Amino acid sequence: MNDPIIIAMMAVTIGVTLAIGIHAYREANTQQQYFAYGQQLRWVVLGLATFSTVMSGFGFVGGPGLVYNQGTTSLWMTFAAAIGIPLSFVLVGRKLHALAGPDVLTIPDAIHRRFGSQAARFTVALAILLGILAYLGSQMLAAAFVFQQVFGTSYETSFTISLAVVTAYPLIGGIVAGIRTEVFQGAIMLVASVLVFGYALSSGGGMAEITAEVASGNQAMVTPWGLATPLTALGYLFVFSIGNIGMPHSTSRFLMLRDLKQLRYGVLLATGAYMVGSLLWMAVGYAVRARVTAGDLEALAAADQAAPTFLANYTPNWLAGIAFAGLMCAILSTASIFLNVGSAALTRDIPLSLGRPPKNPIFWARLWTALLALASGGLAYWSQELVALLGAVGYGLHAAALVPTLALGLRWSGATAAGVVASTGVAIVGSIYFFMTNQLGFAANHGWWVPRFGFPSVGFVMLLSFIVFISVSLATSPKEDK
Amino acid sequence: MNATPPGGAHPRASLNILALLAGTVVMFVSALTGHEQVFGYALVAVLGLVMVLGFVRRRAPITWAPPALAVLSLLIAITGMFATQGAEVSDVSDTVGGFHPGTAFLVYGLWIPAFLTLAVGSAIVFEHLAEEEPGEKKEGT
């Protein structure tokens, strides 16, 4: 790309992000600060930070690409968040805030406080860590991709610099740096979404014209299910609405709240901002498909090129600069919070569940952040294909493992630690099974069972996890929890 | 140490939880067998039951309003999508609000109402949601 305006905007974004991280160094000197923002989070920060991490780089690149490829089908993923984000605030937000305190800084801490079980704390921490390992590498790859697109550097250079940026500021400033940069990042993403949405509509003469143009090429793309089956679309609604409750990078913020009132306007800002981001997801994908159908653009070699192609051809350079900065922000915000939550699992949650409280925890938190980044970065660098496949597993594992535990476990007095351990175990085993079956191709090669009718495999694992959680809780007594 | 669930308004053998178990079993079986309409309506029921867990407070009837309205709009949207999924769009006059008629149900019947009923709704009834239930114990800070 090598456009000086875009390069300047990207450089400023990365520079500001690093500066905020370094500035937060002195504050991030206790576990309460490093992992839980000193439990002083306010609603503006909560709303923008939730938006920027939940949207992630996928919303800015993968989402429009899926609309370009499948039509309406992928909208079910992003529209589902309009149900999922408020549900997470209402179902889990107040409960986690009520449990939060100097000794309760993470979700596994809250599970331990609720059930009094180290086994429940351990299995939840393990599921969070495995999901993060699966997902983090894909964010590293995405950051390197954007860096390479903008700066025109080699893949190796792009990857090394991206890894350094992604790791540096959460390592130095912990969640304090992560949250503060997310406000800045969320604001950029919001501006980029609004402007790009406007340009996308005007590129095709309005939404109705775009819809008619896409339909003239392929009628099924504009129907409510897109090119997939109704069961796929409805499965996405299930997975991405209720599944949102189980995202540790989003729900862990409820343990950082200053007070309960922050939830009231936080939910409006988080959901509203995410919906604005969804407009970009929808409009860019449809607009590029319409232009290809009309013959104004050549068919894309890869669906993920939809957003970069649109920015290069239909927006001014300054807007492309804001959009690329917004994309980098989306990736950085998700990666940084994942590093922090993963570091908390390794520094605090797993050692505590094994009866080994950490000594010098901030040193270990920084060390684990670096090691986690190097491990997932190394995996991403040497096995790009595997990491791209693993990325899809991370969301599913978190959703299946944490949704029953958080949504029911914090609300239902009959929920038990045995239910938590059993459902989390099912989520881990089920996610590994479907990863091997679908992503690694074991189904085709060895005749393993796969779902038919297009229902997402993540949805099956989530449903099984729900059923197991309720059944085991009913079969065991809360009094047995130790 | 075994903390009372803050807001443990849903007792051990809660009808809501048993209905949730039944709903998820129906979803699982219908997803396995490809019965998409059964799955769709079971999903609405399960979403409604999950919303009730978060919203409904025994001493504040107004808290029923957001989940009730959300479930109603979901029902209308899903019924509308199944009814209009076969509509053809040959030019702009066939679109509704810029979209295929079925997709218009998704955008204007599901997506935007979800924000209005759940996000705006929860902000409106926030004071009622924040009230503690009888027997509820404040934990932590």
# chains A, B, ... in the order shown; residues from 1 in each chain; ligands from 1
call {"tool": "residues_around", "arguments": {"residues": "A:Trp364", "least_positions_apart": "4", "cutoff": "7 Å", "atoms": "only C-alpha atoms", "output": "number ranges by chain"}}
result
A: 347, 360, 368
call {"tool": "residues_around", "arguments": {"residues": "A:Ala370", "least_positions_apart": "4", "cutoff": "7 Å", "atoms": "only C-alpha atoms", "output": "ChimeraX atom specification"}}
result
/A:167,171,366,374
call {"tool": "interface_residues", "arguments": {"of": "chain A", "to": "chain B", "cutoff": "7 Å", "atoms": "only C-alpha atoms", "output": "PyMOL selection string"}}
result
chain A and resi 79+82-83+86-87+90-91+95+98-101+113-116+207-209+211-212+215-216+222-224+230-231+234+264-265+267-268+271+410-414+451-453+455+460+463+467+470+482
call {"tool": "write_last_selection", "arguments": {"atoms": "N, CA and C atoms", "output": "tab-separated table (two decimals), in the first residue's frame"}}
result
chain	number	residue	atom	x	y	z
A	79	PHE	N	-25.23	-9.84	14.42
A	79	PHE	CA	-26.49	-9.32	14.97
A	79	PHE	C	-26.81	-9.99	16.31
A	82	ALA	N	-26.32	-8.23	19.66
A	82	ALA	CA	-27.30	-7.28	20.21
A	82	ALA	C	-28.15	-7.94	21.29
A	83	ILE	N	-28.21	-9.27	21.26
A	83	ILE	CA	-28.85	-10.02	22.35
A	83	ILE	C	-27.79	-10.39	23.39
A	86	PRO	N	-26.20	-7.39	25.99
A	86	PRO	CA	-27.07	-7.04	27.14
A	86	PRO	C	-27.29	-8.22	28.07
A	87	LEU	N	-27.41	-9.44	27.51
A	87	LEU	CA	-27.61	-10.61	28.38
A	87	LEU	C	-26.43	-10.79	29.32
A	90	VAL	N	-26.74	-8.22	32.10
A	90	VAL	CA	-27.84	-8.43	33.04
A	90	VAL	C	-27.67	-9.73	33.82
A	91	LEU	N	-27.24	-10.79	33.13
A	91	LEU	CA	-27.14	-12.09	33.79
A	91	LEU	C	-25.91	-12.19	34.68
A	95	LYS	N	-23.85	-10.02	39.18
A	95	LYS	CA	-23.40	-11.12	40.03
A	95	LYS	C	-21.88	-11.09	40.23
A	98	ALA	N	-20.92	-8.33	42.48
A	98	ALA	CA	-21.22	-8.65	43.88
A	98	ALA	C	-20.16	-9.56	44.49
A	99	LEU	N	-19.58	-10.42	43.67
A	99	LEU	CA	-18.56	-11.34	44.17
A	99	LEU	C	-17.18	-10.69	44.25
A	100	ALA	N	-16.97	-9.61	43.47
A	100	ALA	CA	-15.63	-9.02	43.33
A	100	ALA	C	-15.13	-8.45	44.66
A	101	GLY	N	-13.83	-8.43	44.80
A	101	GLY	CA	-13.21	-7.90	46.01
A	101	GLY	C	-11.71	-8.05	45.91
A	113	ARG	N	-15.12	-18.54	44.80
A	113	ARG	CA	-15.88	-17.84	45.85
A	113	ARG	C	-17.33	-18.34	45.89
A	114	ARG	N	-17.88	-18.59	44.71
A	114	ARG	CA	-19.27	-19.03	44.63
A	114	ARG	C	-19.45	-20.48	45.09
A	115	PHE	N	-18.54	-21.37	44.64
A	115	PHE	CA	-18.74	-22.80	44.90
A	115	PHE	C	-17.83	-23.35	46.00
A	116	GLY	N	-16.82	-22.58	46.38
A	116	GLY	CA	-15.89	-23.08	47.39
A	116	GLY	C	-15.12	-24.30	46.92
A	207	MET	N	-28.79	1.02	0.22
A	207	MET	CA	-28.89	-0.41	0.58
A	207	MET	C	-29.82	-1.18	-0.35
A	208	ALA	N	-30.93	-0.57	-0.75
A	208	ALA	CA	-31.88	-1.28	-1.61
A	208	ALA	C	-31.24	-1.60	-2.97
A	209	GLU	N	-30.50	-0.64	-3.52
A	209	GLU	CA	-29.83	-0.86	-4.80
A	209	GLU	C	-28.76	-1.95	-4.67
A	211	THR	N	-28.74	-4.41	-2.47
A	211	THR	CA	-29.44	-5.70	-2.33
A	211	THR	C	-29.91	-6.21	-3.68
A	212	ALA	N	-30.52	-5.33	-4.48
A	212	ALA	CA	-31.04	-5.74	-5.81
A	212	ALA	C	-29.90	-6.19	-6.71
A	215	ALA	N	-28.70	-9.60	-5.53
A	215	ALA	CA	-29.72	-10.60	-5.86
A	215	ALA	C	-29.70	-10.96	-7.34
A	216	SER	N	-29.36	-10.00	-8.18
A	216	SER	CA	-29.33	-10.28	-9.62
A	216	SER	C	-28.22	-11.29	-9.96
A	222	VAL	N	-29.14	-12.88	-0.59
A	222	VAL	CA	-29.84	-11.81	0.13
A	222	VAL	C	-31.00	-12.33	0.99
A	223	THR	N	-31.30	-13.62	0.91
A	223	THR	CA	-32.38	-14.18	1.73
A	223	THR	C	-31.96	-14.17	3.20
A	224	PRO	N	-32.90	-14.40	4.13
A	224	PRO	CA	-32.51	-14.27	5.54
A	224	PRO	C	-31.45	-15.28	5.98
A	230	PRO	N	-31.06	-22.77	7.05
A	230	PRO	CA	-31.63	-22.07	8.21
A	230	PRO	C	-31.02	-22.56	9.53
A	231	LEU	N	-30.69	-23.86	9.57
A	231	LEU	CA	-30.13	-24.39	10.82
A	231	LEU	C	-28.75	-23.79	11.12
A	234	LEU	N	-29.56	-20.12	12.35
A	234	LEU	CA	-30.13	-20.13	13.70
A	234	LEU	C	-29.11	-20.63	14.71
A	264	ARG	N	-25.40	0.34	34.09
A	264	ARG	CA	-26.60	0.90	33.49
A	264	ARG	C	-26.32	1.54	32.12
A	265	TYR	N	-25.34	2.41	32.06
A	265	TYR	CA	-25.04	3.08	30.78
A	265	TYR	C	-23.96	2.33	30.00
A	267	VAL	N	-24.00	-0.81	29.39
A	267	VAL	CA	-24.67	-1.75	28.47
A	267	VAL	C	-25.15	-1.02	27.21
A	268	LEU	N	-25.61	0.21	27.37
A	268	LEU	CA	-26.08	0.97	26.20
A	268	LEU	C	-24.91	1.28	25.27
A	271	THR	N	-23.37	-2.10	23.64
A	271	THR	CA	-24.24	-2.71	22.61
A	271	THR	C	-24.40	-1.77	21.42
A	410	LEU	N	-24.15	-18.70	38.57
A	410	LEU	CA	-24.24	-17.53	39.45
A	410	LEU	C	-25.68	-17.17	39.77
A	411	ARG	N	-26.63	-17.80	39.09
A	411	ARG	CA	-28.04	-17.42	39.25
A	411	ARG	C	-28.88	-18.47	39.94
A	412	TRP	N	-28.45	-19.70	39.85
A	412	TRP	CA	-29.28	-20.82	40.30
A	412	TRP	C	-28.69	-21.43	41.57
A	413	SER	N	-29.49	-21.42	42.63
A	413	SER	CA	-28.95	-21.91	43.90
A	413	SER	C	-28.69	-23.42	43.87
A	414	GLY	N	-29.28	-24.14	42.91
A	414	GLY	CA	-29.06	-25.59	42.82
A	414	GLY	C	-27.81	-25.97	42.05
A	451	PRO	N	-21.69	-33.42	12.61
A	451	PRO	CA	-23.09	-33.00	12.51
A	451	PRO	C	-23.50	-32.84	11.06
A	452	ARG	N	-24.77	-33.14	10.79
A	452	ARG	CA	-25.29	-32.91	9.44
A	452	ARG	C	-26.14	-31.64	9.46
A	453	PHE	N	-26.72	-31.32	8.35
A	453	PHE	CA	-27.66	-30.20	8.20
A	453	PHE	C	-27.04	-28.83	8.48
A	455	PHE	N	-25.52	-27.53	11.06
A	455	PHE	CA	-25.51	-26.93	12.40
A	455	PHE	C	-24.08	-26.82	12.90
A	460	PHE	N	-23.30	-27.67	19.17
A	460	PHE	CA	-23.51	-28.98	19.80
A	460	PHE	C	-22.77	-29.04	21.13
A	463	LEU	N	-24.61	-26.94	23.70
A	463	LEU	CA	-25.86	-27.58	24.17
A	463	LEU	C	-25.55	-28.73	25.12
A	467	ILE	N	-26.71	-29.16	29.04
A	467	ILE	CA	-27.46	-30.33	29.52
A	467	ILE	C	-26.71	-31.02	30.66
A	470	ILE	N	-26.81	-28.85	34.02
A	470	ILE	CA	-28.07	-28.93	34.77
A	470	ILE	C	-28.26	-30.33	35.34
A	482	LYS	N	-16.95	-28.45	48.31
A	482	LYS	CA	-15.93	-28.14	49.33
A	482	LYS	C	-14.98	-27.12	48.75
call {"tool": "atom_distance", "arguments": {"atom1": "atom CA of A:Gly447", "atom2": "atom CA of A:Val429"}}
result
18.4 Å
call {"tool": "select_by_dssp", "arguments": {"residues": "stretch 10-134 of chain B", "states": "strand (DSSP E or B)", "output": "number ranges by chain"}}
result
B: 10, 57, 60, 96, 99
call {"tool": "write_last_selection", "arguments": {"atoms": "N, CA and C atoms", "output": "compact mmCIF listing (two decimals), in the first residue's frame"}}
result
# COMPACT_ATOMS: atom_id res chain seq x y z
N HIS B 10 -33.51 -18.36 42.18
CA HIS B 10 -34.02 -19.52 41.46
C HIS B 10 -33.67 -20.78 42.23
N ARG B 57 -37.48 -10.04 38.63
CA ARG B 57 -37.37 -9.88 40.08
C ARG B 57 -38.76 -10.04 40.66
N ALA B 60 -40.78 -6.88 41.61
CA ALA B 60 -40.88 -5.79 40.64
C ALA B 60 -41.43 -6.32 39.31
N VAL B 96 -37.60 -4.42 1.22
CA VAL B 96 -38.32 -3.79 2.35
C VAL B 96 -37.26 -3.15 3.24
N PHE B 99 -33.80 -4.23 2.22
CA PHE B 99 -33.40 -5.64 2.29
C PHE B 99 -34.45 -6.55 1.65
call {"tool": "atom_distance", "arguments": {"atom1": "atom CA of A:Thr229", "atom2": "atom CA of A:Gly454"}}
result
6.4 Å
call {"tool": "select_by_dssp", "arguments": {"residues": "stretch 22-121 of chain B", "states": "alpha helix (DSSP H)", "output": "PyMOL selection string"}}
result
chain B and resi 22-33+36-55+65-84+101-104+112-114+121
call {"tool": "atom_distance", "arguments": {"atom1": "atom CA of A:Gly459", "atom2": "atom CA of A:Ala220"}}
result
23.8 Å
call {"tool": "residues_around", "arguments": {"residues": "A:Val124", "least_positions_apart": "6", "cutoff": "8 Å", "atoms": "only C-alpha atoms", "output": "number ranges by chain"}}
result
A: 108, 401-402, 420-421, 424
call {"tool": "write_last_selection", "arguments": {"atoms": "N, CA and C atoms", "output": "short mmCIF file (atom, residue, chain, number, x, y, z; two decimals), in the first residue's frame"}}
result
data_model
loop_
_atom_site.label_atom_id
_atom_site.label_comp_id
_atom_site.auth_asym_id
_atom_site.auth_seq_id
_atom_site.Cartn_x
_atom_site.Cartn_y
_atom_site.Cartn_z
N PRO A 108 -12.07 -17.34 37.48
CA PRO A 108 -11.88 -18.52 38.34
C PRO A 108 -11.94 -18.19 39.83
N ALA A 401 -17.55 -23.76 27.72
CA ALA A 401 -17.07 -24.01 29.08
C ALA A 401 -17.65 -23.02 30.08
N LEU A 402 -17.80 -21.78 29.68
CA LEU A 402 -18.12 -20.74 30.67
C LEU A 402 -19.59 -20.32 30.72
N VAL A 420 -20.13 -27.74 37.43
CA VAL A 420 -19.11 -26.88 36.77
C VAL A 420 -18.01 -27.75 36.17
N VAL A 421 -17.48 -28.66 36.99
CA VAL A 421 -16.35 -29.49 36.53
C VAL A 421 -16.79 -30.37 35.35
N THR A 424 -17.56 -28.20 32.14
CA THR A 424 -16.31 -27.65 31.59
C THR A 424 -15.49 -28.76 30.93
#
